[in-house]
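Printed here is entry.cif (mmCIF, C-alpha atoms):
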data_work
#
loop_
_atom_site.label_atom_id
_atom_site.label_comp_id
_atom_site.auth_asym_id
_atom_site.auth_seq_id
_atom_site.Cartn_x
_atom_site.Cartn_y
_atom_site.Cartn_z
CA MET Z 15 7.56 21.41 -48.12
CA ALA Z 16 3.85 22.10 -48.04
CA ILE Z 17 2.20 24.07 -50.89
CA ASN Z 18 1.20 26.88 -48.55
CA THR Z 19 3.98 29.27 -47.61
CA GLN Z 20 2.00 31.61 -45.33
CA VAL Z 21 -0.83 31.30 -42.81
CA HIS Z 22 -2.74 33.78 -40.66
CA LEU Z 23 -3.83 32.48 -37.27
CA GLN Z 24 -5.86 33.95 -34.43
CA ALA Z 25 -4.46 32.72 -31.11
CA PRO Z 26 -7.28 32.85 -28.54
CA ALA Z 27 -7.10 33.79 -24.88
CA LYS Z 28 -8.60 31.64 -22.13
CA ILE Z 29 -10.29 32.15 -18.78
CA ASN Z 30 -10.28 29.84 -15.75
CA LEU Z 31 -13.77 29.17 -14.41
CA PHE Z 32 -12.00 28.11 -11.21
CA LEU Z 33 -8.50 27.14 -10.15
CA HIS Z 34 -7.77 24.89 -7.18
CA VAL Z 35 -4.25 24.15 -5.94
CA LEU Z 36 -4.18 20.60 -4.54
CA GLY Z 37 -0.56 20.43 -3.47
CA GLN Z 38 3.06 20.96 -4.43
CA ARG Z 39 5.24 18.24 -5.91
CA VAL Z 40 8.84 17.53 -4.97
CA ASP Z 41 9.97 19.07 -8.26
CA GLY Z 42 8.35 22.37 -7.27
CA TYR Z 43 5.39 22.20 -9.66
CA HIS Z 44 1.86 22.42 -8.29
CA GLU Z 45 -0.96 19.92 -8.75
CA LEU Z 46 -4.00 21.80 -10.04
CA GLN Z 47 -7.62 21.42 -11.01
CA SER Z 48 -9.29 23.95 -13.27
CA VAL Z 49 -11.70 24.47 -16.13
CA PHE Z 50 -10.32 26.40 -19.10
CA ARG Z 51 -12.45 28.09 -21.76
CA THR Z 52 -11.13 29.76 -24.90
CA ILE Z 53 -12.64 33.17 -25.56
CA ASN Z 54 -12.83 35.36 -28.66
CA LEU Z 55 -9.99 37.67 -27.66
CA PHE Z 56 -7.07 37.01 -30.00
CA ASP Z 57 -3.45 37.68 -30.78
CA GLN Z 58 -2.85 37.75 -34.54
CA LEU Z 59 0.00 35.77 -36.09
CA THR Z 60 1.24 35.69 -39.68
CA ILE Z 61 3.71 32.86 -40.27
CA THR Z 62 5.72 32.78 -43.50
CA VAL Z 63 8.26 30.17 -44.64
CA GLY Z 64 10.54 29.71 -47.60
CA ARG Z 65 11.70 26.58 -49.35
CA SER Z 66 15.31 26.68 -48.20
CA GLN Z 67 17.38 26.77 -45.08
CA GLY Z 68 17.01 29.82 -42.89
CA GLU Z 69 16.56 31.29 -39.45
CA VAL Z 70 13.50 31.87 -37.33
CA GLU Z 71 12.67 35.58 -37.14
CA LEU Z 72 10.09 37.13 -34.83
CA ARG Z 73 8.54 40.57 -35.17
CA CYS Z 74 6.21 41.66 -32.38
CA SER Z 75 3.94 44.69 -32.15
CA SER Z 76 4.77 45.07 -28.44
CA ASP Z 77 8.13 45.24 -26.72
CA LEU Z 78 8.29 41.85 -25.03
CA GLY Z 79 12.05 41.76 -24.61
CA PRO Z 80 14.53 39.62 -26.57
CA ALA Z 81 12.94 37.43 -29.23
CA GLU Z 82 14.84 34.41 -27.92
CA GLU Z 83 12.84 34.61 -24.68
CA ASN Z 84 9.43 34.77 -26.38
CA LEU Z 85 7.41 31.56 -26.25
CA ALA Z 86 6.44 31.83 -29.92
CA TYR Z 87 10.09 31.98 -30.96
CA ARG Z 88 11.07 29.20 -28.56
CA ALA Z 89 8.26 27.01 -29.91
CA ALA Z 90 9.57 27.39 -33.46
CA GLU Z 91 13.12 26.55 -32.43
CA ALA Z 92 11.95 23.59 -30.35
CA LEU Z 93 10.01 22.22 -33.32
CA ARG Z 94 13.03 22.61 -35.61
CA GLU Z 95 15.20 20.70 -33.16
CA HIS Z 96 12.57 18.04 -32.49
CA ALA Z 97 11.94 17.38 -36.20
CA CYS Z 98 15.64 17.68 -37.13
CA VAL Z 99 15.01 20.26 -39.86
CA ASP Z 100 16.69 23.55 -40.67
CA PHE Z 101 13.81 25.37 -42.35
CA GLY Z 102 13.34 29.04 -41.56
CA ALA Z 103 10.28 31.09 -40.71
CA ARG Z 104 9.19 34.69 -40.25
CA ILE Z 105 6.65 35.17 -37.49
CA SER Z 106 4.74 38.43 -37.23
CA LEU Z 107 2.94 38.70 -33.89
CA ASP Z 108 0.38 41.41 -33.18
CA LYS Z 109 -0.40 41.38 -29.46
CA PHE Z 110 -3.92 42.15 -28.26
CA ILE Z 111 -4.18 39.76 -25.30
CA PRO Z 112 -2.74 41.66 -22.33
CA ILE Z 113 0.47 40.36 -20.83
CA GLY Z 114 0.52 39.07 -17.26
CA ALA Z 115 -3.28 38.98 -17.10
CA GLY Z 116 -3.86 35.25 -16.53
CA LEU Z 117 -5.27 34.79 -20.04
CA GLY Z 118 -2.60 32.52 -21.53
CA GLY Z 119 -1.63 34.72 -24.46
CA GLY Z 120 1.98 33.60 -24.65
CA SER Z 121 1.06 29.92 -24.50
CA SER Z 122 -1.59 30.40 -27.18
CA ASP Z 123 0.94 32.14 -29.44
CA ALA Z 124 3.33 29.21 -29.00
CA ALA Z 125 0.57 26.71 -29.83
CA ALA Z 126 -0.25 28.67 -32.99
CA VAL Z 127 3.39 28.55 -34.08
CA LEU Z 128 3.61 24.79 -33.49
CA ILE Z 129 0.42 24.11 -35.43
CA GLY Z 130 1.26 26.54 -38.23
CA LEU Z 131 4.83 25.39 -38.79
CA ASN Z 132 3.88 21.73 -38.51
CA THR Z 133 1.87 22.24 -41.70
CA LEU Z 134 4.04 24.81 -43.48
CA TRP Z 135 7.17 22.73 -42.95
CA GLY Z 136 5.32 19.58 -44.08
CA LEU Z 137 6.08 17.70 -40.85
CA ASP Z 138 2.63 16.15 -40.31
CA LEU Z 139 3.26 15.47 -36.63
CA PRO Z 140 0.14 14.38 -34.69
CA ASP Z 141 -1.45 16.73 -32.16
CA ARG Z 142 -0.34 14.51 -29.29
CA GLU Z 143 3.30 14.91 -30.30
CA LEU Z 144 2.91 18.67 -30.62
CA SER Z 145 1.28 18.79 -27.18
CA LEU Z 146 4.12 16.86 -25.56
CA LEU Z 147 6.63 19.18 -27.20
CA GLY Z 148 4.67 22.25 -26.13
CA ALA Z 149 4.36 21.03 -22.54
CA ARG Z 150 8.13 21.29 -22.19
CA LEU Z 151 7.84 25.02 -22.81
CA GLY Z 152 4.66 25.83 -20.89
CA ALA Z 153 1.96 23.82 -19.14
CA ASP Z 154 -0.89 25.69 -20.88
CA ILE Z 155 0.32 25.06 -24.44
CA PRO Z 156 -1.31 21.60 -24.81
CA PHE Z 157 -4.69 23.15 -23.98
CA PHE Z 158 -4.40 25.66 -26.81
CA ILE Z 159 -3.40 22.92 -29.24
CA GLU Z 160 -6.62 21.09 -28.30
CA SER Z 161 -8.63 24.32 -27.69
CA GLY Z 162 -12.31 24.58 -26.72
CA ASP Z 163 -13.30 23.82 -23.13
CA ALA Z 164 -11.43 21.43 -20.87
CA TRP Z 165 -11.19 20.05 -17.36
CA VAL Z 166 -7.51 20.57 -16.51
CA SER Z 167 -5.51 18.63 -13.94
CA GLY Z 168 -1.95 17.57 -13.17
CA ILE Z 169 0.35 20.56 -13.49
CA GLY Z 170 -2.04 21.94 -16.10
CA ASP Z 171 -1.10 19.46 -18.82
CA GLU Z 172 -3.77 16.77 -18.31
CA LEU Z 173 -6.90 17.61 -20.31
CA GLN Z 174 -10.40 16.17 -20.56
CA ALA Z 175 -12.56 17.87 -23.16
CA LEU Z 176 -15.82 19.45 -22.03
CA ASN Z 177 -18.76 20.68 -24.07
CA LEU Z 178 -20.02 23.69 -22.14
CA PRO Z 179 -22.81 25.95 -23.43
CA GLU Z 180 -21.98 29.21 -25.14
CA ALA Z 181 -21.71 32.11 -22.71
CA TRP Z 182 -20.93 35.82 -22.58
CA TYR Z 183 -18.48 37.34 -20.11
CA VAL Z 184 -17.32 40.80 -19.12
CA LEU Z 185 -13.57 40.82 -18.72
CA VAL Z 186 -11.78 43.61 -16.85
CA TYR Z 187 -8.05 44.18 -17.08
CA PRO Z 188 -6.85 46.56 -14.34
CA GLY Z 189 -3.55 47.34 -16.02
CA VAL Z 190 -1.43 45.17 -13.73
CA VAL Z 191 1.18 42.71 -15.02
CA VAL Z 192 1.37 39.70 -12.68
CA PRO Z 193 4.39 37.34 -12.85
CA THR Z 194 2.94 33.85 -12.42
CA GLY Z 195 6.01 32.60 -10.55
CA ARG Z 196 5.64 35.25 -7.87
CA ILE Z 197 2.14 34.04 -7.02
CA PHE Z 198 2.91 30.32 -7.01
CA SER Z 199 6.05 30.81 -4.90
CA ASP Z 200 4.30 32.85 -2.20
CA PRO Z 201 4.47 30.99 1.14
CA ASP Z 202 0.93 32.14 1.97
CA LEU Z 203 -0.58 30.36 -1.03
CA THR Z 204 -3.13 27.72 -0.03
CA ARG Z 205 -2.00 24.37 -1.40
CA ASP Z 206 -4.46 21.89 0.11
CA SER Z 207 -7.74 22.20 -1.79
CA VAL Z 208 -9.85 19.04 -1.78
CA PRO Z 209 -9.95 17.32 -5.19
CA ARG Z 210 -13.28 17.65 -7.01
CA THR Z 211 -14.85 15.73 -9.88
CA ILE Z 212 -16.03 16.73 -13.33
CA ALA Z 213 -19.50 15.43 -12.54
CA ARG Z 214 -19.74 17.67 -9.50
CA PHE Z 215 -18.71 20.69 -11.54
CA LEU Z 216 -21.13 19.99 -14.36
CA ALA Z 217 -24.00 19.51 -11.91
CA ASP Z 218 -23.62 23.06 -10.61
CA PRO Z 219 -20.88 25.07 -12.35
CA LYS Z 220 -22.01 28.43 -10.94
CA GLN Z 221 -21.80 27.59 -7.25
CA GLU Z 222 -19.55 29.78 -5.11
CA LYS Z 223 -17.30 26.92 -4.03
CA TRP Z 224 -15.58 26.99 -7.43
CA LEU Z 225 -12.97 29.56 -6.48
CA ASN Z 226 -9.54 30.64 -7.64
CA ASP Z 227 -7.06 29.74 -4.90
CA LEU Z 228 -4.55 32.26 -6.29
CA GLU Z 229 -6.84 35.27 -5.81
CA ARG Z 230 -6.05 36.08 -2.20
CA VAL Z 231 -2.28 36.05 -2.75
CA ALA Z 232 -2.51 37.97 -6.04
CA ILE Z 233 -4.69 40.68 -4.50
CA GLY Z 234 -2.29 40.92 -1.56
CA HIS Z 235 0.53 41.78 -3.96
CA TYR Z 236 -1.59 43.82 -6.36
CA PRO Z 237 -4.50 45.57 -4.61
CA GLU Z 238 -5.75 46.97 -7.95
CA ILE Z 239 -7.01 43.45 -8.77
CA GLY Z 240 -9.16 43.55 -5.65
CA ARG Z 241 -10.54 46.94 -6.59
CA ALA Z 242 -11.47 45.70 -10.05
CA LYS Z 243 -13.09 42.61 -8.58
CA ASN Z 244 -15.10 44.63 -6.08
CA TRP Z 245 -16.34 46.96 -8.82
CA LEU Z 246 -17.41 44.13 -11.11
CA SER Z 247 -18.98 42.20 -8.21
CA ARG Z 248 -21.93 44.59 -8.35
CA GLU Z 249 -22.91 42.75 -11.55
CA GLY Z 250 -22.66 39.20 -10.17
CA ALA Z 251 -20.13 36.55 -9.14
CA VAL Z 252 -16.59 37.51 -10.17
CA LYS Z 253 -13.50 35.34 -10.58
CA MET Z 254 -9.89 36.12 -11.30
CA SER Z 255 -8.45 34.28 -14.28
CA GLY Z 256 -5.28 32.26 -13.74
CA SER Z 257 -2.73 34.07 -11.60
CA GLY Z 258 -4.30 37.42 -12.55
CA SER Z 259 -4.62 40.23 -13.15
CA SER Z 260 -7.83 40.06 -15.18
CA VAL Z 261 -11.21 39.39 -13.55
CA PHE Z 262 -14.46 38.39 -15.21
CA ALA Z 263 -18.17 37.86 -14.64
CA GLN Z 264 -20.70 35.95 -16.72
CA VAL Z 265 -23.54 38.01 -18.21
CA GLU Z 266 -26.75 37.13 -20.00
CA SER Z 267 -26.04 38.82 -23.31
CA GLU Z 268 -23.59 40.87 -25.31
CA ALA Z 269 -25.79 43.94 -24.86
CA GLU Z 270 -25.73 43.60 -21.08
CA GLY Z 271 -21.96 43.21 -21.17
CA GLN Z 272 -21.48 46.28 -23.33
CA GLU Z 273 -23.60 48.34 -20.94
CA ILE Z 274 -21.39 47.28 -18.03
CA VAL Z 275 -18.20 48.05 -19.94
CA SER Z 276 -19.53 51.52 -20.78
CA ARG Z 277 -19.48 52.32 -17.04
CA LEU Z 278 -15.98 50.96 -16.42
CA PRO Z 279 -13.54 53.32 -14.65
CA SER Z 280 -11.30 54.97 -17.23
CA GLU Z 281 -8.06 53.60 -15.76
CA TRP Z 282 -9.08 50.00 -16.58
CA ARG Z 283 -9.67 48.20 -19.87
CA GLY Z 284 -12.72 46.04 -20.42
CA PHE Z 285 -14.57 44.24 -23.14
CA VAL Z 286 -17.21 41.62 -23.76
CA VAL Z 287 -16.14 38.15 -24.89
CA GLN Z 288 -17.88 34.93 -25.84
CA ALA Z 289 -16.91 31.34 -25.12
CA GLY Z 290 -18.13 28.13 -26.67
CA CYS Z 291 -17.87 29.24 -30.29
CA VAL Z 292 -14.17 30.02 -30.77
CA PRO Z 293 -12.55 28.38 -33.82
CA SER Z 294 -9.63 26.18 -32.80
CA LEU Z 295 -6.18 26.73 -34.23
CA GLN Z 296 -6.41 23.38 -35.99
CA ARG Z 297 -9.72 24.33 -37.58
CA GLN Z 298 -8.23 27.59 -38.77
CA MET Z 299 -5.31 25.72 -40.32
CA THR Z 300 -7.60 23.24 -42.05
CA LYS Z 301 -9.60 26.03 -43.65
CA GLN Z 302 -6.49 27.76 -44.96
CA VAL Z 303 -4.86 24.61 -46.28
CA ALA Z 304 -8.11 23.76 -48.05
CA ARG Z 305 -8.30 27.28 -49.50
CA PRO Z 306 -4.68 28.53 -49.76
CA GLY Z 307 -4.18 32.25 -50.14
CA ARG Z 308 -7.51 33.24 -48.58
CA ASP Z 309 -8.05 34.88 -45.20
CA LEU Z 310 -9.91 33.36 -42.29
CA ASN Z 311 -13.59 34.21 -42.15
CA GLY Z 312 -14.24 32.96 -38.64
CA GLY Z 313 -14.90 36.24 -36.81
CA GLU Z 314 -11.70 38.24 -37.03
CA ALA Z 315 -11.07 40.45 -34.03
CA ASN Z 316 -11.14 44.23 -34.34
CA ASP Z 317 -10.42 47.25 -32.18
CA SER Z 318 -13.88 47.15 -30.60
CA ASP Z 319 -13.55 43.70 -29.09
CA ILE Z 320 -9.87 43.32 -28.26
CA LEU Z 321 -7.43 44.89 -25.89
CA GLY Z 322 -4.77 46.77 -27.79
#
Show this structure as structure tokens.
Amino acid sequence: MAINTQVHLQAPAKINLFLHVLGQRVDGYHELQSVFRTINLFDQLTITVGRSQGEVELRCSSDLGPAEENLAYRAAEALREHACVDFGARISLDKFIPIGAGLGGGSSDAAAVLIGLNTLWGLDLPDRELSLLGARLGADIPFFIESGDAWVSGIGDELQALNLPEAWYVLVYPGVVVPTGRIFSDPDLTRDSVPRTIARFLADPKQEKWLNDLERVAIGHYPEIGRAKNWLSREGAVKMSGSGSSVFAQVESEAEGQEIVSRLPSEWRGFVVQAGCVPSLQRQMTKQVARPGRDLNGGEANDSDILG
């Protein structure tokens, strides 16, 4: 067993700067192209282990249904089976990333559990092995293991790291929970976008052609997304993240973003987030292993900059 018996991790959300659906495979999965960015909106996880056999226990601040269906729990059990160990763990999950908002909160939580338990259980598995294990549970999990910015392709599991400049965004959550499967299974979904290149994106990342192909279908099912997008469009170009329901726009500064959020209709939730400076889960682990027993000091989220 490792010396540390407890870690505290901040699992970041992500936004999609665009999302193109290139086609559907015979196994039902879709070929995608996207750019993911982690943002400083976090779920908080405390993972504790003992030195003997035990069970995996999950406590969550929100009612997400049976623990056995939660990605964080499933990640822990998958790692136990993969590594052929019977160690136990207690996972305390405080949810701040909204559910069904296209921000990847569940996948990020699962990545945090894989990275945390890999160290606490003394497994020392390489990131690549953790990513392959995570991909069996959810296509976005490998991204959160790598973190940062990435060009994403395949079914969402093929990653090429990018180094994009820091940026501020206003993110609006219209209070709608969108099941990803419902959007991808819609017969009206466009599935024939032309493949693009990283070089083309980097040459002009703000051009209007970088769209989210899921938007039209998602808005058709959930008109509130369209209303939120129309409202935020007064401030600039707006995209929906993932399969929705959150929408976002880039702004010049935190102050500008806060001014926009102050005018947000009361029925929606909004906040200002930054990308390009979010500590990865691996970096967080390294700091805690190097200084066991101390908290992270990498910009802990609070009630003013998270969705509770």
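Here atom CA of Z:Gln58 is placed at a distance of 5.1 Å from atom CA of Z:Asp108.
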Counting only C-alpha atoms, which residues of stretch 128-204 of chain Z fall within 8 Å of stretch 81-94 of chain Z, and what is the closest atom pair for each with its distance in Å at one decimal, ordered by chain and rising number, as a tab-separated table?
residue	atom	partner	partner_atom	distance
Z:Leu128	CA	Z:Ala89	CA	6.3
Z:Leu131	CA	Z:Ala90	CA	7.4
Z:Leu147	CA	Z:Ala92	CA	7.6
Z:Gly148	CA	Z:Ala89	CA	7.1
Z:Leu151	CA	Z:Ala89	CA	7.4
Output the selection as a PDB file, keeping the file's coordinate frame - C-alpha atoms for each residue.
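Result file is selection_23.pdb:
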ATOM      1  CA  LEU Z 128       3.610  24.790 -33.490  1.00  0.00           C
ATOM      2  CA  LEU Z 131       4.830  25.390 -38.790  1.00  0.00           C
ATOM      3  CA  LEU Z 147       6.630  19.180 -27.200  1.00  0.00           C
ATOM      4  CA  GLY Z 148       4.670  22.250 -26.130  1.00  0.00           C
ATOM      5  CA  LEU Z 151       7.840  25.020 -22.810  1.00  0.00           C
TER       6      LEU Z 151
END
On this file, the PyMOL selection byres ((chain Z and resi 60) around 8) gives some set of residues; write that set as a PyMOL selection string. chain Z and resi 20-23+58-59+61-62+105-107
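Across Z:Gly114, Z:Pro156, Z:Gly195, Z:Gly189, the tightest approach to Z:Pro237 is made by Z:Gly189 when counting only C-alpha atoms.
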List, as a PyMOL selection string, every residue that the PyMOL selection byres ((chain Z and resi 27-30) around 8) selects in the file provided. chain Z and resi 25-26+31-33+48-57+111+116-119+122+254-256
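As for atom CA of Z:Leu173 and atom CA of Z:Ile212, they are spaced 11.5 Å apart.
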What would the list of residues within 8 Å of (-25.3, 48.2, -13.5) (file frame) look like as a compact mmCIF listing (two decimals) with C-alpha atoms, in the coordinates of the input, if only C-alpha atoms are what count?
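Okay, this is what ended up in out-v8.txt:
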# COMPACT_ATOMS: atom_id res chain seq x y z
CA ARG Z 248 -21.93 44.59 -8.35
CA GLU Z 249 -22.91 42.75 -11.55
CA GLU Z 273 -23.60 48.34 -20.94
CA ILE Z 274 -21.39 47.28 -18.03
CA ARG Z 277 -19.48 52.32 -17.04
Quick one: pull the distance between atom CA of Z:Val303 and atom CA of Z:Thr133, Å, one decimal. 8.5 Å
May I have the residues at most 10 Å from (7.6, 18.4, -42.3) in the file's coordinates, counting only C-alpha atoms, as a compact mmCIF listing (two decimals) with C-alpha atoms, keeping the file's coordinate frame?
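Saved file out19.txt follows:
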# COMPACT_ATOMS: atom_id res chain seq x y z
CA MET Z 15 7.56 21.41 -48.12
CA ALA Z 16 3.85 22.10 -48.04
CA ARG Z 94 13.03 22.61 -35.61
CA ALA Z 97 11.94 17.38 -36.20
CA CYS Z 98 15.64 17.68 -37.13
CA VAL Z 99 15.01 20.26 -39.86
CA PHE Z 101 13.81 25.37 -42.35
CA LEU Z 131 4.83 25.39 -38.79
CA ASN Z 132 3.88 21.73 -38.51
CA THR Z 133 1.87 22.24 -41.70
CA LEU Z 134 4.04 24.81 -43.48
CA TRP Z 135 7.17 22.73 -42.95
CA GLY Z 136 5.32 19.58 -44.08
CA LEU Z 137 6.08 17.70 -40.85
CA ASP Z 138 2.63 16.15 -40.31
CA LEU Z 139 3.26 15.47 -36.63
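Residues with any atom within 10 Å of Z:Glu281, counting all atoms listed in the file and excluding same-chain neighbours fewer than 2 positions away, are Tyr187, Pro188, Gly189, Leu278, Pro279 and Arg283 of chain Z.
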Taking the file as I've supplied it (selection: the PyMOL selection byres ((chain Z and resi 285) around 6)), which residues are included? Please answer as an NGL selection string. :Z and (184-185 or 284 or 286)
Writing out the chosen residues with C-alpha atoms as a compact mmCIF listing (two decimals), keeping the file's coordinate frame:
# COMPACT_ATOMS: atom_id res chain seq x y z
CA VAL Z 184 -17.32 40.80 -19.12
CA LEU Z 185 -13.57 40.82 -18.72
CA GLY Z 284 -12.72 46.04 -20.42
CA VAL Z 286 -17.21 41.62 -23.76
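Closest to Z:Ala126 among Z:His34, Z:Ser145, Z:Lys253, Z:Arg39 is Z:Ser145, based on all atoms listed in the file.
Distance annotation: of Z:Glu229, Z:Glu268, Z:Asp218, Z:Asp100, the residue with the minimal separation from Z:Phe198 is Z:Glu229; atom set is only C-alpha atoms.
You can rank Z:Arg230, Z:Trp182, Z:Ser259, Z:Trp165 by their closest distance to Z:Leu216 using only C-alpha atoms, and at the top of that list sits Z:Trp165.
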Choose the residue, out of Z:Cys291, Z:Ala217, Z:Ala164, Z:Val231, that has the smallest atom-to-atom separation from Z:Ala181; count all atoms listed in the file. Z:Cys291
Considering all atoms listed in the file, state which residue in the set Z:Leu246, Z:Met299, Z:Ala149, Z:Ile155 is at the smallest distance from Z:Ala124. Z:Ile155
Take the structure in the block and write a file for stretch 192-217 of chain Z, N, CA and C atoms, as a CSV table (one decimal), in the first residue's frame.
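Final output, part.csv:
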chain,number,residue,atom,x,y,z
Z,192,VAL,N,-30.0,16.9,-20.1
Z,192,VAL,CA,-30.1,16.3,-21.4
Z,192,VAL,C,-29.4,14.9,-21.4
Z,193,PRO,N,-30.2,13.8,-21.7
Z,193,PRO,CA,-29.6,12.5,-21.8
Z,193,PRO,C,-28.8,12.4,-23.2
Z,194,THR,N,-27.5,12.1,-23.1
Z,194,THR,CA,-26.7,12.1,-24.3
Z,194,THR,C,-27.3,11.1,-25.3
Z,195,GLY,N,-27.7,10.0,-24.9
Z,195,GLY,CA,-28.2,8.9,-25.8
Z,195,GLY,C,-29.4,9.4,-26.6
Z,196,ARG,N,-30.2,10.2,-26.0
Z,196,ARG,CA,-31.4,10.7,-26.8
Z,196,ARG,C,-31.0,11.6,-28.0
Z,197,ILE,N,-29.9,12.4,-27.8
Z,197,ILE,CA,-29.5,13.2,-28.9
Z,197,ILE,C,-28.8,12.5,-30.0
Z,198,PHE,N,-27.9,11.6,-29.6
Z,198,PHE,CA,-27.2,10.8,-30.6
Z,198,PHE,C,-28.1,9.8,-31.4
Z,199,SER,N,-29.2,9.4,-30.7
Z,199,SER,CA,-30.0,8.4,-31.4
Z,199,SER,C,-31.1,9.1,-32.3
Z,200,ASP,N,-31.2,10.4,-32.2
Z,200,ASP,CA,-32.2,11.1,-33.0
Z,200,ASP,C,-32.0,10.9,-34.5
Z,201,PRO,N,-33.0,10.5,-35.2
Z,201,PRO,CA,-32.8,10.2,-36.7
Z,201,PRO,C,-32.5,11.5,-37.5
Z,202,ASP,N,-32.9,12.7,-36.9
Z,202,ASP,CA,-32.6,13.9,-37.6
Z,202,ASP,C,-31.2,14.5,-37.3
Z,203,LEU,N,-30.4,13.8,-36.6
Z,203,LEU,CA,-29.0,14.2,-36.3
Z,203,LEU,C,-28.2,14.2,-37.6
Z,204,THR,N,-27.5,15.3,-37.9
Z,204,THR,CA,-26.6,15.3,-39.1
Z,204,THR,C,-25.4,14.5,-38.7
Z,205,ARG,N,-25.0,13.5,-39.6
Z,205,ARG,CA,-23.9,12.6,-39.4
Z,205,ARG,C,-22.9,12.6,-40.5
Z,206,ASP,N,-22.8,13.7,-41.3
Z,206,ASP,CA,-21.9,13.7,-42.4
Z,206,ASP,C,-21.1,14.9,-42.5
Z,207,SER,N,-20.6,15.5,-41.4
Z,207,SER,CA,-19.7,16.6,-41.4
Z,207,SER,C,-18.4,16.2,-42.1
Z,208,VAL,N,-17.8,17.2,-42.8
Z,208,VAL,CA,-16.6,17.0,-43.5
Z,208,VAL,C,-15.4,17.0,-42.5
Z,209,PRO,N,-14.5,16.0,-42.5
Z,209,PRO,CA,-13.4,16.0,-41.6
Z,209,PRO,C,-12.6,17.3,-41.8
Z,210,ARG,N,-12.1,17.8,-40.7
Z,210,ARG,CA,-11.2,19.0,-40.7
Z,210,ARG,C,-9.9,18.6,-40.1
Z,211,THR,N,-8.9,19.5,-40.1
Z,211,THR,CA,-7.6,19.3,-39.6
Z,211,THR,C,-7.3,20.2,-38.4
Z,212,ILE,N,-6.3,19.8,-37.6
Z,212,ILE,CA,-5.9,20.6,-36.5
Z,212,ILE,C,-5.3,21.9,-37.0
Z,213,ALA,N,-4.5,21.8,-38.0
Z,213,ALA,CA,-3.9,23.1,-38.6
Z,213,ALA,C,-5.0,24.1,-39.0
Z,214,ARG,N,-6.0,23.6,-39.6
Z,214,ARG,CA,-7.1,24.5,-40.0
Z,214,ARG,C,-7.8,25.2,-38.8
Z,215,PHE,N,-8.0,24.4,-37.7
Z,215,PHE,CA,-8.6,24.9,-36.5
Z,215,PHE,C,-7.7,26.0,-35.9
Z,216,LEU,N,-6.4,25.6,-35.7
Z,216,LEU,CA,-5.5,26.5,-35.1
Z,216,LEU,C,-5.3,27.8,-35.9
Z,217,ALA,N,-5.4,27.8,-37.2
Z,217,ALA,CA,-5.3,29.0,-38.0
Z,217,ALA,C,-6.4,30.0,-37.7
